[in-house]
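Trainee: The following block contains the structure, expressed as structure tokens.
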There are 2 protein chains.
Amino acid sequence: MINVPEDQKVWVPWMRRSIQLALLAEGRTSPNPLVGSIVLDSSGRLVGEGYHTGAGNPHAEIEALAQAGDKSVNGTIVVTLEPCCHQGLTPPCTEAIIKSGLKRVVVGMVDPDPRVSGNGISRLKDSGLEVIVGVLRNECELINREFIFRVRHGRPWGILKWAMSLDGRIGLPNGCSKWITDIPARNSVHQIRSKCDAVIVGGGTLRADNPLLTSRGKSNFEPLRVVFTRSLTLPKAAKLWDTKTAKTIIAYGPEGNEAFFSDLPDGPEKLRLTSDDPSELLSSLGKKGCNKILWECGPQLATSAIEANCVQELVVFIAPKLLGGKSAMSPLNNFGFESLDSTYKLQHSILERKGEDLCWKLLF
Amino acid sequence: MINVPEDQKVWVPWMRRSIQLALLAEGRTSPNPLVGSIVLDSSGRLVGEGYHTGAGNPHAEIEALAQAGDKSVNGTIVVTLEPCCHQGLTPPCTEAIIKSGLKRVVVGMVDPDPRVSGNGISRLKDSGLEVIVGVLRNECELINREFIFRVRHGRPWGILKWAMSLDGRIGLPNGCSKWITDIPARNSVHQIRSKCDAVIVGGGTLRADNPLLTSRGKSNFEPLRVVFTRSLTLPKAAKLWDTKTAKTIIAYGPEGNEAFFSDLPDGPEKLRLTSDDPSELLSSLGKKGCNKILWECGPQLATSAIEANCVQELVVFIAPKLLGGKSAMSPLNNFGFESLDSTYKLQHSILERKGEDLCWKLLF
């Protein structure tokens with residue numbers, strides 16, 4: 001309740017509840033944001049709750065208003081994100097609010113989508129409703145950090161994950177890397193995948209590990225699985241070519257030898273790019289509706305992704321093991337730094353224990 | 001109070017106080033253990049407290065008995081470690097206890113020193129005193145973990161410390177390593193040094209970093225500074241050669257070229273060893289009275305020390321920075337492991353934040 005203006009304080013608990021509702025659909029609304037909403041009647045009693053469950057489904061306000069019915073007359077709607085004023089997959093929420101007979105709208109944050117971006121609020125004010133904007137704005141922005149990033153930068157929020165030993169190795173000198181971390185940490189990776197729209201590996205990881213890259217049932221919505229390859233020298237048999245449980249995209253640069261596709265099963269989608277730049281891949285995934293992607297790649301692609309500003313968040317699992325090995329792989333390759341002042345410094349770190357292992361999450 | 005036998009429970013709070021007293025001299029009693037003691041009069045009132053402040057000074061029991069004076073008659077003495085029964089630098093404590101008129105002795109743990117090792121307890125029982133042994137034994141053993149290790153194995157408890165980036169680098173490819181961690185972590189290293197009897201570096205670290213290796217005033221008792229070198233190809237000028245603030249030992253193997261000593265200042269002690277085996281160095285340091293030493297060395301010596309079982313504890317500082325660099329140094333060299341089942345697995349981990357950095361302490 002720190003720094004909340006006096007006239008907004010009364011709405012804080014209701015905005016918190018709306019945020020809770022919004023989070024019920026975490027990982028399932030892309031390309032849309034998470035939105036939650038509640039409706040109070042003219043006496044301030046809770047008469048409706050709703051949240052957005054996924055693209056194409058009703059918006060949070062519509063769900064809450066439907067529950068409230070007639071009781072919304074002269075009431076208040078609280079919503080984490082500015083109501084939309086454009087016809088998207090569903091009709092504009094501003095019109096539904098105006099028709100409902102509400103007298104007040106309490107908004108968490110302005111919608112960064114240029115089609116809305118304050119226009120929804122203006123439409124409501126112009127119709128004579130009282131509109132209060134910015135209640136728990138930081139919290140509302142935080143739950144949609146990835147959506148906001150994608151709208152502003154045209155590409156999804158990137159998370160880079162690796163698992164290493166206490167001496168900074170992601171494998172033994174002979175390449176063996178199964179398993180560095182224990183079951184709780186690996187479960188936690190499945191959980192992270194279930195909240196992402198896509199998981200990206202490079203050709204090297206595909207060849208070495210033949211990964212499945214699913215959430216292992218942690219979510220009904222499996223992330224899109226993406227192989228990002230320069231040359232298309234990929235194995236003919238791979239778990240990712242079976243697209244029954246989750247979709248696969250093979251993204252390749254101009255040097256990719258398309259003859260590879262000749263005897264590949266039909267399942268995987270082919271995505272030809274004009275460069276090997278990770279940001280071109282992410283722009284394509286942004287256009288496909290990805291708000292958040294997970295890099296699960298080796299040191300070479302991880303290093304390029306960081307250098308191309310395609311990593312906003314780092315998730316590092318550290319196992320209490322010593323592997324050793326001068327020739328063993330480390331998480332990252334050269335950045336060319338000459339002094340410690342120029343290295344990447346991460347911030348806002350969150351530390352958790354996962355069984356015997358550590359999980360350290362940080363932001364760039 | 002879990003698993004404390006019913007008849008010992010009454011002594012638990014007094015043993016805890018004795019442990020507190022013992023810890024007041026942490027890092028200053030080597031080669032002796034930490035010992036604390038309290039005396040209760042015949043009515044159970046606290047009449048004396050004492051702890052061992054350093055080799056050659058009175059033992060804890062003597063200090064506590066001196067405070068109690070006549071009030072110890074028919075009273076109880078509680079002491080973390082079995083009273084000694086031999087003439088060392090000071091007279092046997094068993095005799096002082098017997099003379100004091102006490103009726104009961106409560107002991108935390110049996111002294112592993114073969115000159116005592118139950119003989120002190122027998123002497124007291126034979127003199128008609130009631131002796132209760134093993135109250136908070138685990139806690140009493142824990143505060144003297146390093147002393148017990150040295151008595152049992154003939155060499156000090158070894159701690160290996162390194163500071164690395166989040167991508168497992170202890171320096172940039174150009175060798176620059178100042179500073180990876182921030183001030184709170186570096187202060188914490190000074191604190192650790194102040195609790196150790198010796199700090200060991202290799203010739204490589206001496207040449208690259210020219211370190212000072214002191215506790216920076218964290219203790220009045222600076223650790224012994226040891227350079228462990230194969231060849232004696234060391235710089236003529238080094239901070240360690242000035243032994244005004246702390247002693248320095250130059251330990252070298254059979255290949256060491258002693259011509260190096262010709263124009264070195266007189267301060268540093270020379271220690272010729274018959275091998276390059278880290279365990280021979282530690283045996284020598286054990287004989288010099290070191291209970292606990294700190295390895296602050298590069299990957300080569302750290303790897304040999306681990307392989308020679310000269311590391312019992314690991315202290316790893318991890319900075320939230322990315323350094324990168326295939327050719328950058330990692331904390332350890334090859335162990336020759338071929339599968340993840342054969343790697344070193346550490347346990348009993350303690351995790352702390354030091355400013356923005358992490359400190360992870362683990363046992364082998």
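By order of appearance in the structure tokens: chains A, B, ..., then residues from 1 within every chain, and ligands from 1 in the order shown.
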Quick one: which chain A residues come within 9 Å of chain B, and what is the nearest atom pair for each with the distance in Å to one decimal, counting only C-alpha atoms, rows ordered by chain and ascending number, as a tab-separated table?

Mentor:
residue	atom	partner	partner_atom	distance
A:Met164	CA	B:Gly168	CA	8.4
A:Ser165	CA	B:Gly168	CA	8.7
A:Leu166	CA	B:Gly168	CA	7.8
A:Asp167	CA	B:Pro331	CA	5.7
A:Gly168	CA	B:Gly168	CA	3.8
A:Arg169	CA	B:Gly168	CA	7.1
A:Gly171	CA	B:Leu340	CA	8.5
A:Leu172	CA	B:Glu338	CA	7.1
A:Pro173	CA	B:Glu338	CA	7.9
A:Asn174	CA	B:Glu338	CA	6.7
A:Cys176	CA	B:Ser339	CA	6.7
A:Ser177	CA	B:Leu340	CA	7.3
A:Lys178	CA	B:Leu340	CA	7.1
A:Trp179	CA	B:Leu340	CA	6.9
A:Ile180	CA	B:Leu340	CA	7.0
A:Thr303	CA	B:Gly324	CA	8.2
A:Val316	CA	B:Leu166	CA	7.9
A:Ala319	CA	B:Lys345	CA	8.6
A:Pro320	CA	B:Leu346	CA	5.4
A:Lys321	CA	B:Lys345	CA	4.5
A:Leu322	CA	B:Tyr344	CA	5.0
A:Leu323	CA	B:Thr343	CA	5.6
A:Gly324	CA	B:Asn334	CA	4.8
A:Gly325	CA	B:Asn334	CA	3.7
A:Lys326	CA	B:Asn333	CA	5.3
A:Ser327	CA	B:Asn334	CA	8.2
A:Ala328	CA	B:Asn334	CA	8.6
A:Met329	CA	B:Lys326	CA	8.4
A:Ser330	CA	B:Asp167	CA	6.9
A:Pro331	CA	B:Asp167	CA	5.7
A:Leu332	CA	B:Gly324	CA	5.3
A:Asn333	CA	B:Gly325	CA	5.0
A:Asn334	CA	B:Gly325	CA	3.7
A:Phe335	CA	B:Gly324	CA	5.7
A:Gly336	CA	B:Gly325	CA	7.2
A:Phe337	CA	B:Leu172	CA	7.1
A:Glu338	CA	B:Asn174	CA	6.7
A:Ser339	CA	B:Cys176	CA	6.7
A:Leu340	CA	B:Trp179	CA	6.9
A:Asp341	CA	B:Trp179	CA	8.9
A:Ser342	CA	B:Leu323	CA	8.9
A:Thr343	CA	B:Leu323	CA	5.6
A:Tyr344	CA	B:Leu322	CA	5.1
A:Lys345	CA	B:Lys321	CA	4.5
A:Leu346	CA	B:Pro320	CA	5.4
A:Gln347	CA	B:Pro320	CA	7.2
A:Ser349	CA	B:Glu356	CA	8.1
A:Glu356	CA	B:Gln347	CA	8.0
A:Leu362	CA	B:Pro320	CA	7.8

Trainee: Can you superpose chain A onto chain B by least squares over all C-alpha atoms paired in order and give the moved copy as a compact mmCIF listing (two decimals) with C-alpha atoms, in the first residue's frame?

Mentor:
# COMPACT_ATOMS: atom_id res chain seq x y z
CA MET A 1 15.96 -30.92 22.47
CA ILE A 2 15.14 -33.78 20.11
CA ASN A 3 16.70 -37.10 21.09
CA VAL A 4 18.18 -35.83 24.32
CA PRO A 5 17.91 -38.53 27.02
CA GLU A 6 15.58 -37.51 29.87
CA ASP A 7 18.35 -37.36 32.52
CA GLN A 8 20.49 -35.09 30.29
CA LYS A 9 17.80 -32.50 29.53
CA VAL A 10 18.52 -30.42 32.61
CA TRP A 11 22.09 -29.88 31.39
CA VAL A 12 21.23 -28.83 27.85
CA PRO A 13 20.86 -25.08 28.49
CA TRP A 14 24.15 -25.03 30.41
CA MET A 15 25.92 -26.92 27.63
CA ARG A 16 24.55 -24.42 25.11
CA ARG A 17 25.99 -21.60 27.20
CA SER A 18 29.33 -23.45 27.36
CA ILE A 19 29.31 -23.77 23.56
CA GLN A 20 28.63 -20.04 23.26
CA LEU A 21 31.59 -19.34 25.52
CA ALA A 22 33.83 -21.70 23.54
CA LEU A 23 33.00 -19.88 20.28
CA LEU A 24 34.23 -16.56 21.69
CA ALA A 25 37.76 -17.69 20.76
CA GLU A 26 36.91 -18.99 17.28
CA GLY A 27 39.95 -18.99 15.03
CA ARG A 28 42.45 -18.30 17.82
CA THR A 29 43.03 -21.59 19.71
CA SER A 30 44.84 -23.79 17.16
CA PRO A 31 46.34 -26.31 17.55
CA ASN A 32 43.99 -26.57 20.54
CA PRO A 33 40.23 -27.03 20.29
CA LEU A 34 37.55 -24.51 21.28
CA VAL A 35 36.36 -25.25 24.81
CA GLY A 36 33.79 -23.53 27.03
CA SER A 37 32.74 -24.33 30.57
CA ILE A 38 30.43 -23.17 33.37
CA VAL A 39 30.28 -24.00 37.08
CA LEU A 40 27.07 -24.31 39.13
CA ASP A 41 27.08 -24.26 42.93
CA SER A 42 25.43 -26.96 45.06
CA SER A 43 22.05 -25.21 44.59
CA GLY A 44 22.40 -25.09 40.79
CA ARG A 45 23.23 -21.37 40.61
CA LEU A 46 25.73 -20.19 37.98
CA VAL A 47 28.95 -19.25 39.78
CA GLY A 48 31.62 -19.42 37.08
CA GLU A 49 32.18 -19.19 33.33
CA GLY A 50 35.28 -19.67 31.26
CA TYR A 51 36.65 -20.49 27.83
CA HIS A 52 40.00 -21.37 26.35
CA THR A 53 41.53 -18.28 24.76
CA GLY A 54 44.55 -19.83 23.06
CA ALA A 55 47.37 -22.37 23.28
CA GLY A 56 49.41 -21.85 26.47
CA ASN A 57 46.58 -20.01 28.23
CA PRO A 58 44.48 -21.67 30.96
CA HIS A 59 41.90 -24.23 29.87
CA ALA A 60 38.19 -23.37 30.05
CA GLU A 61 37.60 -25.42 33.22
CA ILE A 62 40.39 -23.60 35.06
CA GLU A 63 38.92 -20.22 34.10
CA ALA A 64 35.42 -21.23 35.24
CA LEU A 65 36.69 -22.76 38.50
CA ALA A 66 38.72 -19.64 39.26
CA GLN A 67 35.55 -17.55 38.96
CA ALA A 68 33.56 -19.97 41.11
CA GLY A 69 36.18 -20.19 43.89
CA ASP A 70 34.79 -21.85 47.05
CA LYS A 71 31.29 -21.93 45.58
CA SER A 72 32.18 -24.96 43.48
CA VAL A 73 32.05 -27.27 46.52
CA ASN A 74 29.38 -29.95 45.88
CA GLY A 75 28.61 -28.19 42.60
CA THR A 76 28.64 -29.19 38.95
CA ILE A 77 30.99 -28.27 36.14
CA VAL A 78 29.69 -28.37 32.57
CA VAL A 79 32.35 -28.48 29.85
CA THR A 80 32.09 -28.94 26.08
CA LEU A 81 35.14 -31.26 25.86
CA GLU A 82 36.43 -34.01 28.15
CA PRO A 83 38.84 -32.49 30.70
CA CYS A 84 42.48 -33.28 29.97
CA CYS A 85 44.42 -35.61 32.28
CA HIS A 86 47.92 -34.94 30.97
CA GLN A 87 50.51 -32.28 31.54
CA GLY A 88 50.56 -30.19 28.37
CA LEU A 89 51.49 -26.51 28.23
CA THR A 90 49.27 -26.26 31.32
CA PRO A 91 48.61 -28.78 34.17
CA PRO A 92 45.87 -31.48 33.87
CA CYS A 93 42.33 -30.14 34.42
CA THR A 94 41.13 -33.40 36.01
CA GLU A 95 43.28 -32.71 39.08
CA ALA A 96 41.97 -29.15 39.42
CA ILE A 97 38.37 -30.44 39.21
CA ILE A 98 39.02 -33.13 41.83
CA LYS A 99 40.63 -30.59 44.18
CA SER A 100 37.76 -28.12 43.74
CA GLY A 101 35.29 -30.26 45.68
CA LEU A 102 32.79 -30.53 42.78
CA LYS A 103 30.48 -33.55 42.87
CA ARG A 104 29.48 -33.75 39.21
CA VAL A 105 31.07 -33.25 35.78
CA VAL A 106 28.94 -32.89 32.63
CA VAL A 107 30.90 -33.44 29.42
CA GLY A 108 29.86 -32.68 25.83
CA MET A 109 32.25 -34.90 23.90
CA VAL A 110 35.17 -37.22 24.51
CA ASP A 111 38.52 -35.66 23.56
CA PRO A 112 39.82 -37.37 20.36
CA ASP A 113 43.42 -36.56 21.43
CA PRO A 114 44.95 -40.02 22.12
CA ARG A 115 46.59 -38.64 25.30
CA VAL A 116 43.09 -38.06 26.75
CA SER A 117 40.43 -40.03 24.82
CA GLY A 118 38.40 -41.29 27.79
CA ASN A 119 41.23 -41.25 30.30
CA GLY A 120 40.11 -37.91 31.69
CA ILE A 121 36.61 -39.26 32.28
CA SER A 122 37.98 -42.44 33.94
CA ARG A 123 40.21 -40.40 36.23
CA LEU A 124 37.21 -38.32 37.38
CA LYS A 125 34.96 -41.36 37.91
CA ASP A 126 37.72 -43.17 39.78
CA SER A 127 37.90 -40.18 42.12
CA GLY A 128 34.23 -40.61 43.00
CA LEU A 129 32.72 -37.84 40.88
CA GLU A 130 29.50 -38.35 38.96
CA VAL A 131 30.32 -37.95 35.24
CA ILE A 132 27.64 -37.48 32.56
CA VAL A 133 28.98 -37.73 29.01
CA GLY A 134 27.52 -36.78 25.63
CA VAL A 135 25.22 -33.82 26.37
CA LEU A 136 24.78 -32.04 22.99
CA ARG A 137 27.61 -34.17 21.64
CA ASN A 138 26.85 -33.33 17.98
CA GLU A 139 26.92 -29.60 18.64
CA CYS A 140 30.14 -29.89 20.65
CA GLU A 141 31.73 -31.90 17.84
CA LEU A 142 30.57 -29.43 15.22
CA ILE A 143 32.35 -26.44 16.75
CA ASN A 144 35.57 -28.49 16.78
CA ARG A 145 35.07 -30.21 13.43
CA GLU A 146 38.47 -29.00 12.18
CA PHE A 147 40.36 -29.91 15.38
CA ILE A 148 38.82 -33.40 15.39
CA PHE A 149 39.69 -33.82 11.70
CA ARG A 150 43.31 -32.83 12.29
CA VAL A 151 43.68 -35.17 15.30
CA ARG A 152 42.18 -38.09 13.33
CA HIS A 153 43.88 -37.53 9.95
CA GLY A 154 47.11 -35.79 10.90
CA ARG A 155 46.41 -32.83 8.62
CA PRO A 156 44.22 -29.73 8.83
CA TRP A 157 40.66 -29.41 7.55
CA GLY A 158 40.85 -27.90 4.06
CA ILE A 159 38.53 -25.25 2.68
CA LEU A 160 38.68 -24.42 -1.02
CA LYS A 161 37.32 -21.05 -2.04
CA TRP A 162 36.75 -19.55 -5.45
CA ALA A 163 34.78 -16.67 -6.93
CA MET A 164 33.20 -17.08 -10.33
CA SER A 165 30.72 -15.49 -12.69
CA LEU A 166 27.29 -16.95 -13.38
CA ASP A 167 28.77 -18.65 -16.43
CA GLY A 168 31.44 -20.37 -14.34
CA ARG A 169 34.47 -18.20 -15.17
CA ILE A 170 37.13 -17.15 -12.67
CA GLY A 171 38.56 -14.58 -15.06
CA LEU A 172 38.33 -13.13 -18.55
CA PRO A 173 40.20 -14.75 -21.45
CA ASN A 174 42.88 -12.06 -20.96
CA GLY A 175 43.36 -13.22 -17.34
CA CYS A 176 41.67 -10.23 -15.70
CA SER A 177 39.83 -11.29 -12.54
CA LYS A 178 39.58 -8.11 -10.45
CA TRP A 179 36.93 -8.03 -9.33
CA ILE A 180 34.37 -10.66 -10.16
CA THR A 181 32.51 -10.34 -6.84
CA ASP A 182 31.59 -7.15 -5.04
CA ILE A 183 32.71 -5.69 -1.70
CA PRO A 184 30.39 -7.69 0.65
CA ALA A 185 31.63 -10.98 -0.84
CA ARG A 186 35.26 -9.88 -0.63
CA ASN A 187 34.74 -8.83 3.01
CA SER A 188 33.32 -12.23 3.64
CA VAL A 189 36.54 -13.82 2.28
CA HIS A 190 38.55 -11.70 4.73
CA GLN A 191 36.26 -12.99 7.50
CA ILE A 192 36.85 -16.60 6.43
CA ARG A 193 40.62 -16.01 6.39
CA SER A 194 40.42 -14.64 9.93
CA LYS A 195 39.03 -18.02 11.07
CA CYS A 196 41.72 -20.06 9.31
CA ASP A 197 45.22 -20.90 10.49
CA ALA A 198 46.78 -20.69 7.03
CA VAL A 199 45.95 -19.51 3.52
CA ILE A 200 47.59 -21.34 0.62
CA VAL A 201 48.18 -20.10 -2.92
CA GLY A 202 50.15 -21.59 -5.79
CA GLY A 203 52.99 -19.93 -7.67
CA GLY A 204 50.62 -19.04 -10.53
CA THR A 205 48.30 -17.03 -8.28
CA LEU A 206 51.30 -15.29 -6.70
CA ARG A 207 52.66 -14.32 -10.12
CA ALA A 208 49.27 -13.25 -11.53
CA ASP A 209 47.68 -11.50 -8.55
CA ASN A 210 50.49 -10.59 -6.09
CA PRO A 211 47.98 -11.07 -3.26
CA LEU A 212 48.21 -9.85 0.36
CA LEU A 213 46.12 -12.73 1.83
CA THR A 214 45.37 -11.10 5.16
CA SER A 215 42.11 -10.76 7.03
CA ARG A 216 42.28 -6.95 6.50
CA GLY A 217 41.93 -6.36 10.22
CA LYS A 218 39.07 -8.82 10.71
CA SER A 219 41.23 -10.59 13.29
CA ASN A 220 44.25 -9.87 15.47
CA PHE A 221 45.52 -13.27 14.44
CA GLU A 222 46.50 -13.13 10.79
CA PRO A 223 46.59 -16.52 9.08
CA LEU A 224 49.92 -17.97 8.03
CA ARG A 225 50.40 -17.25 4.31
CA VAL A 226 51.73 -20.19 2.32
CA VAL A 227 53.01 -20.25 -1.27
CA PHE A 228 53.08 -23.82 -2.59
CA THR A 229 55.44 -23.90 -5.56
CA ARG A 230 56.95 -26.66 -7.62
CA SER A 231 59.79 -24.77 -9.22
CA LEU A 232 60.44 -21.71 -7.01
CA THR A 233 60.14 -19.50 -10.09
CA LEU A 234 58.58 -16.70 -8.09
CA PRO A 235 58.88 -12.92 -8.43
CA LYS A 236 61.64 -11.21 -6.44
CA ALA A 237 59.16 -8.55 -5.33
CA ALA A 238 55.87 -9.69 -3.80
CA LYS A 239 53.61 -8.47 -1.00
CA LEU A 240 54.01 -11.84 0.72
CA TRP A 241 57.77 -11.33 1.20
CA ASP A 242 57.01 -8.56 3.67
CA THR A 243 56.27 -10.49 6.84
CA LYS A 244 55.59 -7.58 9.19
CA THR A 245 51.78 -8.03 9.24
CA ALA A 246 51.67 -11.82 8.78
CA LYS A 247 54.07 -14.74 8.48
CA THR A 248 54.84 -16.32 5.09
CA ILE A 249 56.02 -19.84 4.29
CA ILE A 250 57.47 -20.76 0.91
CA ALA A 251 56.79 -24.48 0.50
CA TYR A 252 58.48 -26.16 -2.44
CA GLY A 253 58.94 -29.59 -3.91
CA PRO A 254 62.12 -31.47 -4.82
CA GLU A 255 62.37 -29.63 -8.17
CA GLY A 256 62.50 -26.23 -6.51
CA ASN A 257 65.51 -24.15 -7.52
CA GLU A 258 66.83 -22.87 -4.18
CA ALA A 259 69.01 -20.28 -5.91
CA PHE A 260 65.82 -18.19 -5.79
CA PHE A 261 66.35 -17.62 -2.07
CA SER A 262 69.73 -15.90 -2.58
CA ASP A 263 68.40 -12.36 -2.72
CA LEU A 264 65.04 -12.80 -1.02
CA PRO A 265 64.37 -10.89 2.24
CA ASP A 266 64.82 -12.91 5.43
CA GLY A 267 61.15 -12.81 6.47
CA PRO A 268 59.58 -15.82 4.71
CA GLU A 269 60.19 -19.28 6.14
CA LYS A 270 61.43 -21.94 3.71
CA LEU A 271 59.80 -25.36 3.78
CA ARG A 272 61.37 -28.03 1.57
CA LEU A 273 59.06 -30.98 0.86
CA THR A 274 59.87 -34.37 -0.65
CA SER A 275 57.01 -34.22 -3.18
CA ASP A 276 54.49 -31.96 -4.90
CA ASP A 277 51.64 -33.78 -3.13
CA PRO A 278 49.32 -31.29 -1.40
CA SER A 279 48.80 -33.77 1.44
CA GLU A 280 52.50 -33.63 2.36
CA LEU A 281 52.20 -29.85 2.65
CA LEU A 282 49.09 -30.20 4.82
CA SER A 283 50.76 -32.76 7.08
CA SER A 284 53.59 -30.26 7.64
CA LEU A 285 51.07 -27.53 8.42
CA GLY A 286 49.25 -29.91 10.78
CA LYS A 287 52.52 -30.43 12.66
CA LYS A 288 52.89 -26.65 12.86
CA GLY A 289 49.54 -26.54 14.67
CA CYS A 290 47.11 -25.69 11.85
CA ASN A 291 43.59 -27.06 12.37
CA LYS A 292 42.02 -25.33 9.38
CA ILE A 293 43.51 -24.02 6.14
CA LEU A 294 42.10 -22.14 3.17
CA TRP A 295 43.05 -22.94 -0.41
CA GLU A 296 42.87 -19.72 -2.46
CA CYS A 297 44.53 -21.14 -5.52
CA GLY A 298 44.04 -21.52 -9.26
CA PRO A 299 42.43 -24.48 -11.05
CA GLN A 300 45.55 -26.66 -11.22
CA LEU A 301 46.39 -26.69 -7.51
CA ALA A 302 42.68 -26.75 -6.57
CA THR A 303 42.20 -29.88 -8.68
CA SER A 304 45.26 -31.61 -7.13
CA ALA A 305 44.12 -30.63 -3.63
CA ILE A 306 40.68 -32.16 -4.21
CA GLU A 307 42.18 -35.33 -5.70
CA ALA A 308 44.51 -35.67 -2.70
CA ASN A 309 41.54 -35.40 -0.27
CA CYS A 310 42.89 -32.12 1.00
CA VAL A 311 39.57 -30.29 0.60
CA GLN A 312 36.73 -30.99 3.04
CA GLU A 313 34.68 -27.87 2.44
CA LEU A 314 33.94 -25.71 -0.55
CA VAL A 315 33.05 -22.01 -0.47
CA VAL A 316 31.94 -20.72 -3.85
CA PHE A 317 31.04 -17.11 -4.50
CA ILE A 318 28.91 -16.58 -7.59
CA ALA A 319 28.50 -13.13 -9.12
CA PRO A 320 25.46 -12.24 -11.27
CA LYS A 321 27.73 -11.43 -14.22
CA LEU A 322 28.42 -13.06 -17.56
CA LEU A 323 32.08 -13.11 -18.62
CA GLY A 324 32.09 -15.65 -21.45
CA GLY A 325 35.23 -16.90 -23.13
CA LYS A 326 36.14 -20.42 -24.25
CA SER A 327 39.73 -19.78 -23.19
CA ALA A 328 38.80 -18.12 -19.89
CA MET A 329 39.80 -20.00 -16.73
CA SER A 330 37.27 -22.17 -14.97
CA PRO A 331 37.56 -23.09 -11.29
CA LEU A 332 38.86 -26.63 -11.87
CA ASN A 333 40.80 -28.74 -14.37
CA ASN A 334 40.20 -32.30 -15.51
CA PHE A 335 39.30 -35.06 -13.09
CA GLY A 336 38.92 -37.57 -15.91
CA PHE A 337 35.28 -38.38 -15.15
CA GLU A 338 33.51 -40.39 -17.85
CA SER A 339 29.99 -40.38 -16.38
CA LEU A 340 27.95 -38.07 -14.19
CA ASP A 341 27.57 -40.78 -11.56
CA SER A 342 31.29 -40.59 -10.84
CA THR A 343 31.49 -36.82 -10.30
CA TYR A 344 32.00 -35.23 -6.89
CA LYS A 345 28.68 -34.61 -5.15
CA LEU A 346 28.69 -32.12 -2.31
CA GLN A 347 26.29 -31.94 0.58
CA HIS A 348 25.04 -30.03 3.64
CA SER A 349 24.92 -26.85 1.64
CA ILE A 350 24.47 -23.44 3.21
CA LEU A 351 23.43 -20.60 0.95
CA GLU A 352 23.84 -16.92 1.72
CA ARG A 353 23.51 -13.71 -0.23
CA LYS A 354 26.46 -11.34 0.03
CA GLY A 355 25.24 -8.13 -1.55
CA GLU A 356 24.35 -9.02 -5.13
CA ASP A 357 26.55 -12.12 -5.02
CA LEU A 358 25.84 -15.61 -3.70
CA CYS A 359 27.94 -17.57 -1.26
CA TRP A 360 27.41 -21.32 -1.36
CA LYS A 361 29.20 -23.40 1.28
CA LEU A 362 29.21 -27.19 0.94
CA LEU A 363 30.96 -30.23 2.37
CA PHE A 364 32.67 -33.05 0.49

Trainee: Could you pull out the alpha helix (DSSP H) residues of region 95-286 of chain B from DSSP and send them as a PyMOL selection string?

Mentor: chain B and resi 95-100+119-126+137-143+145-153+183-194+203-209+278-286

Trainee: As a ChimeraX atom specification, please: all residues of region 87-296 of chain A that backbone DSSP puts in strand (DSSP E).

Mentor: /A:104-109,130-133,157-165,198-202,224-229,248-252,269-272,292-295
